[in-house]
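Comments concern the structure below.
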Amino acid sequence: MTWFPEPIPLRSRRVIAVATIFGCLALVPVVAGAIDQPFYVTLAARILIFALAASGLNLVLGYGGLVSFGHALYVGLGAYVVGMLSAHGVTSGWVHLGASIALCGLVAYLTGLICLRTSGIGFIMITLAFAQMFFFLFVSLKQYGGDDGLQIAQRSDFGALLSIESNTGLYYFSLALLVLTLYLSWRFVHARFGRVLRGAKSNVRRMRVLGFPVLRYQAVAYAISGCICGIAGLLLANLTKFTSPAYMFWTVSGDLIVMVMLGGIATVVGPLIGAIVFVILETVLAAYTQHWMLILGPIIVLIALLAKRGLYGFLLR
Amino acid sequence: MSEPILRTRGLTKRFGGLVATDALEFDVLRGEVHAVIGPNGAGKTTLVNVLIGEIPPDGGEIEFDGRDITRLPSYQRALLGLSRSYQITSIFPEFTALENVALAAQAHDGHSFGFWRPAALEEGLGRSAIAALAEVGLADRQGRLAAQLAHGERRQLEIAMALVSRPKVLLLDEPMAGMGRRESEEMVKLLGSLKGRYTMLLVEHDMDAVFALADRITVLVYGRPIASGSPAEIRESADVRKAYLGDRYAAR
């Protein structure tokens, strides 16, 4: 059995770059502890969570060429699974995880079957419309906080060994899930399924005439991508001990797209790099001015113009 | 060489007021090369599109290998053994030549819900893809990105993708389109080597190619066949000459 789904020399720039990134990420809680800045763990956990969501989106956006403008929906659903189950006294993390994967997979599959009948601008608008429908649904659910959101008393309980009660525990739990997801995505895009997905991005008409029921594969990809965003939502709810309709607002979907584009579309670690840069810039700039988008906007434009495959492509140029 | 494998009855396709296929009764016999010729706008490409299922017909029926396929989506027709090539090359430019053909092979090799094993390491797919590439003369181009192939090579790749699934009928939409003289001759040689092993419907403008390859020719004008017969008969038909061929292909 080979661990690498594509041939890459161990000492290539790619391997070194990726190993460096993950090495640094693994050290964040240690360094933050040493310099007594626990805030950095929270910030870095936020990065990992958005990296997870962005890499979920990247499966359909990057490899499938399907521009979904509604993936915040699944982040929000994953968060509400934690919030609502906890409100009813269900605190088991494994139940939360299973429920958010099942719910997000189901909602993504069913809405996907509808959305995927359109393409281009139509697809963008219909994915946005579904997300906004759910946004207003949760705003109207007064018993779960409505517009104000829902406080979560206690983090999901994954047992003593995998406790995420501390921020450091949550951080490493998120890092492990991210690494696992990125590795599985890497396998996935080189396996048969990924080839079908990339083929459909390149030439969907040809794929049908070759004998592929394209819609079926795209809907499953859409569901998988929704599940990954659902897991990110579960982690986000645990990080903030809070869930709110704002998590599924359209601007979050937009942020996710920006992270994917910024880091490197259709690359496995691109979304992670995008999330690192996006969340850090957002945090740093927001400390200086509330109009931080004025500065972030041009930076994104510059990167989009200069680096075709985002920062990751720029790194490996 | 006797019974039809592909047959249309009353097949009709209109685009607004334009009738592209007009109550067409048409068949392709098992094992033959049936060429469809006709002036631009005669409805040849429309016929291929309707047969493969990319465009739904407005009326009539299509029967393939004893089955009514009129309402089947194109992917199911492909799985039943109908395969096509495009007039404007339709490949996956960011895939290598080998990956293009392997993907075509994958469509006919069970489902593609494989998430773990790299497709590039699947020996079955690789073997059929390499064989198909060799068959069209692209054996030494397998690792090359399709986007980097020369025009003629892309046309050959297109044929390899259509071939790799061992289809029962090949629908070839102007395989010689945009080719130089030498490339065309190569393509005629290639298609000639397939003749007898594959049933082919050949839509083509290059009359030298048509007369070299076809067992039977149908001349389409405004979506209607004005003549159908052996190459010799078509060459001699006064109607055809008047409508389309001109004097160059008159009986020699």
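Following the order of the structure tokens, first chain is A, next is B, and so on, with residues numbered from 1 inside each chain and ligands from 1 in the order they appear.
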
So that I can check the surroundings of segment 132-141 of chain B, please list as a list in words every protein, DNA and RNA residue that reaches within 7 Å of it, counting only C-alpha atoms and ignoring chain neighbours fewer than 3 positions away. Ala97, Ser128, Ala129, Arg144, Gln156, Ala160, Leu163, Val164 and Leu190 of chain B

Near segment 47-61 of chain A, within 6 Å and counting only C-alpha atoms, which residues show up once chain neighbours fewer than 6 positions away are dropped, as an MDAnalysis selection string? chainID A and resid 67 178 225 228:229 232 256 260 271:272 275:276

Show me, as number ranges by chain, the residues that have an atom within 10 Å of segment 209-225 of chain B when counting only C-alpha atoms, minus same-chain residues fewer than 6 positions from it. B: 11-14, 18-29, 31-44, 46-47, 175-176, 184-185, 187-189, 191-193, 195, 200-203, 231-235, 239-240, 243-245, 249

Per residue of chain A within 7 Å of chain B, which atom pair is closest and at what distance in Å (one decimal), using only C-alpha atoms, listed by chain and increasing number, as a tab-separated table?
residue	atom	partner	partner_atom	distance
A:Pro5	CA	B:Pro118	CA	5.5
A:Arg187	CA	B:Trp116	CA	5.4
A:Phe188	CA	B:Phe115	CA	4.6
A:His190	CA	B:Pro118	CA	5.1
A:Ala191	CA	B:Pro118	CA	4.2
A:Arg192	CA	B:Gly114	CA	5.1
A:Phe193	CA	B:Gly114	CA	5.3
A:Gly199	CA	B:Phe92	CA	6.8
A:Ser202	CA	B:Phe92	CA	6.0
A:Asn203	CA	B:Phe92	CA	6.5
A:Arg206	CA	B:Ser90	CA	6.6
A:Arg208	CA	B:Tyr75	CA	4.9
A:Val209	CA	B:Tyr75	CA	5.4
A:Leu210	CA	B:Ala104	CA	5.8
A:Gly211	CA	B:Tyr75	CA	3.9
A:Phe212	CA	B:Tyr75	CA	5.5
A:Pro213	CA	B:Tyr75	CA	5.9

Dump of N, CA and C atoms for the selected residues, as an mmCIF file, in the first residue's frame:
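Written output follows (result31.cif):
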data_model
loop_
_atom_site.group_PDB
_atom_site.id
_atom_site.type_symbol
_atom_site.label_atom_id
_atom_site.label_comp_id
_atom_site.auth_asym_id
_atom_site.auth_seq_id
_atom_site.Cartn_x
_atom_site.Cartn_y
_atom_site.Cartn_z
ATOM 1 N N PRO A 5 -0.943 9.150 -2.723
ATOM 2 C CA PRO A 5 -1.727 8.782 -3.897
ATOM 3 C C PRO A 5 -1.139 9.291 -5.207
ATOM 4 N N ARG A 187 -6.463 11.701 -1.079
ATOM 5 C CA ARG A 187 -6.708 10.375 -1.656
ATOM 6 C C ARG A 187 -7.882 10.448 -2.642
ATOM 7 N N PHE A 188 -8.916 11.099 -2.170
ATOM 8 C CA PHE A 188 -10.189 11.204 -2.865
ATOM 9 C C PHE A 188 -10.017 11.830 -4.262
ATOM 10 N N HIS A 190 -7.484 11.870 -6.151
ATOM 11 C CA HIS A 190 -6.714 11.045 -7.079
ATOM 12 C C HIS A 190 -7.378 9.709 -7.352
ATOM 13 N N ALA A 191 -8.422 9.397 -6.586
ATOM 14 C CA ALA A 191 -9.132 8.134 -6.808
ATOM 15 C C ALA A 191 -10.139 8.301 -7.938
ATOM 16 N N ARG A 192 -10.818 7.252 -8.259
ATOM 17 C CA ARG A 192 -11.801 7.288 -9.336
ATOM 18 C C ARG A 192 -12.789 8.446 -9.178
ATOM 19 N N PHE A 193 -13.278 8.592 -7.945
ATOM 20 C CA PHE A 193 -14.302 9.603 -7.712
ATOM 21 C C PHE A 193 -13.787 11.001 -8.059
ATOM 22 N N GLY A 199 -13.151 15.623 -14.120
ATOM 23 C CA GLY A 199 -13.581 15.508 -15.513
ATOM 24 C C GLY A 199 -14.831 16.333 -15.769
ATOM 25 N N SER A 202 -14.059 19.903 -16.098
ATOM 26 C CA SER A 202 -13.385 20.230 -17.345
ATOM 27 C C SER A 202 -14.341 20.190 -18.544
ATOM 28 N N ASN A 203 -15.203 19.177 -18.589
ATOM 29 C CA ASN A 203 -16.032 18.991 -19.784
ATOM 30 C C ASN A 203 -17.218 18.086 -19.446
ATOM 31 N N ARG A 206 -18.948 15.943 -22.240
ATOM 32 C CA ARG A 206 -18.169 14.788 -22.643
ATOM 33 C C ARG A 206 -18.312 13.657 -21.624
ATOM 34 N N ARG A 208 -20.865 12.920 -19.755
ATOM 35 C CA ARG A 208 -22.145 12.222 -19.910
ATOM 36 C C ARG A 208 -22.085 11.273 -21.095
ATOM 37 N N VAL A 209 -21.493 11.768 -22.185
ATOM 38 C CA VAL A 209 -21.453 10.943 -23.386
ATOM 39 C C VAL A 209 -20.470 9.780 -23.234
ATOM 40 N N LEU A 210 -19.512 9.932 -22.308
ATOM 41 C CA LEU A 210 -18.623 8.797 -22.040
ATOM 42 C C LEU A 210 -19.350 7.717 -21.243
ATOM 43 N N GLY A 211 -20.443 8.077 -20.591
ATOM 44 C CA GLY A 211 -21.206 7.083 -19.837
ATOM 45 C C GLY A 211 -21.263 7.329 -18.333
ATOM 46 N N PHE A 212 -20.955 8.571 -17.902
ATOM 47 C CA PHE A 212 -21.022 8.865 -16.467
ATOM 48 C C PHE A 212 -22.342 9.546 -16.113
ATOM 49 N N PRO A 213 -23.070 8.994 -15.122
ATOM 50 C CA PRO A 213 -24.228 9.729 -14.594
ATOM 51 C C PRO A 213 -23.719 10.860 -13.698
#

Could you give me, as a list in words, the residues within 6 Å of segment 119-136 of chain A, counting only C-alpha atoms and dropping anything in the same chain fewer than 4 positions from it? Val67, Ser68, Phe69, Gly70, Leu73, Cys115 and Pro245 of chain A

Those residues you just picked out, can you put them in a file as a tab-separated table (two decimals), in the first residue's frame with N, CA and C atoms?
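Result written to result_14.tsv:
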chain	number	residue	atom	x	y	z
A	67	VAL	N	-19.42	26.48	-8.12
A	67	VAL	CA	-19.28	27.65	-7.26
A	67	VAL	C	-20.47	27.74	-6.31
A	68	SER	N	-20.32	27.12	-5.15
A	68	SER	CA	-21.39	27.19	-4.15
A	68	SER	C	-21.22	28.44	-3.33
A	69	PHE	N	-22.28	29.22	-3.24
A	69	PHE	CA	-22.25	30.44	-2.45
A	69	PHE	C	-23.12	30.24	-1.21
A	70	GLY	N	-23.22	28.97	-0.77
A	70	GLY	CA	-24.09	28.71	0.37
A	70	GLY	C	-23.51	27.73	1.36
A	73	LEU	N	-24.16	27.53	5.23
A	73	LEU	CA	-25.32	26.79	5.72
A	73	LEU	C	-24.90	25.57	6.54
A	115	CYS	N	-29.93	21.95	-6.84
A	115	CYS	CA	-29.00	22.99	-7.31
A	115	CYS	C	-28.22	22.53	-8.55
A	245	PRO	N	-27.56	32.29	14.04
A	245	PRO	CA	-27.82	32.27	12.59
A	245	PRO	C	-26.71	32.96	11.81

Among segment 5-123 of chain B, which ones does DSSP assign to alpha helix (DSSP H) (computed from the backbone)? Answer as a PyMOL selection string. chain B and resi 44-52+74-80+97-107+123

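Atom CA of Gly64 of chain A lies 25.8 Å from atom CA of Ile21 of chain A.
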
I'd like the neighbourhood of Ala304 of chain A as JSON, numbers by chain, where a residue qualifies if any of its atoms comes within 12 Å (using only C-alpha atoms), though same-chain residues fewer than 5 positions away should be ignored. {"A": [258, 259, 260, 261, 262, 263, 264, 265, 274, 297, 298, 299, 309, 310, 311, 312, 313, 314]}

Residues of the last selection are to be written out with C-alpha atoms, as a short mmCIF file (atom, residue, chain, number, x, y, z; two decimals), in the first residue's frame.
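For reference, result-v8.cif as written:
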data_model
loop_
_atom_site.label_atom_id
_atom_site.label_comp_id
_atom_site.auth_asym_id
_atom_site.auth_seq_id
_atom_site.Cartn_x
_atom_site.Cartn_y
_atom_site.Cartn_z
CA VAL A 258 -12.12 33.94 -0.53
CA MET A 259 -10.05 31.57 1.65
CA VAL A 260 -10.09 28.91 -1.07
CA MET A 261 -9.13 31.37 -3.81
CA LEU A 262 -6.52 33.08 -1.64
CA GLY A 263 -4.76 29.89 -0.59
CA GLY A 264 -4.98 28.01 -3.85
CA ILE A 265 -8.06 26.60 -5.50
CA GLY A 274 -6.01 30.73 2.75
CA GLY A 297 -10.04 43.74 -0.28
CA PRO A 298 -7.07 45.12 -2.28
CA ILE A 299 -4.74 42.48 -0.78
CA ARG A 309 -3.14 29.10 -7.90
CA GLY A 310 -3.24 31.34 -4.88
CA LEU A 311 -0.53 31.61 -2.26
CA TYR A 312 0.23 27.90 -2.38
CA GLY A 313 0.88 28.09 -6.11
CA PHE A 314 3.02 31.17 -5.50
#

Using Å and a single decimal, report how far atom CA of Glu174 of chain B sits from atom CA of Glu186 of chain B. 14.3 Å
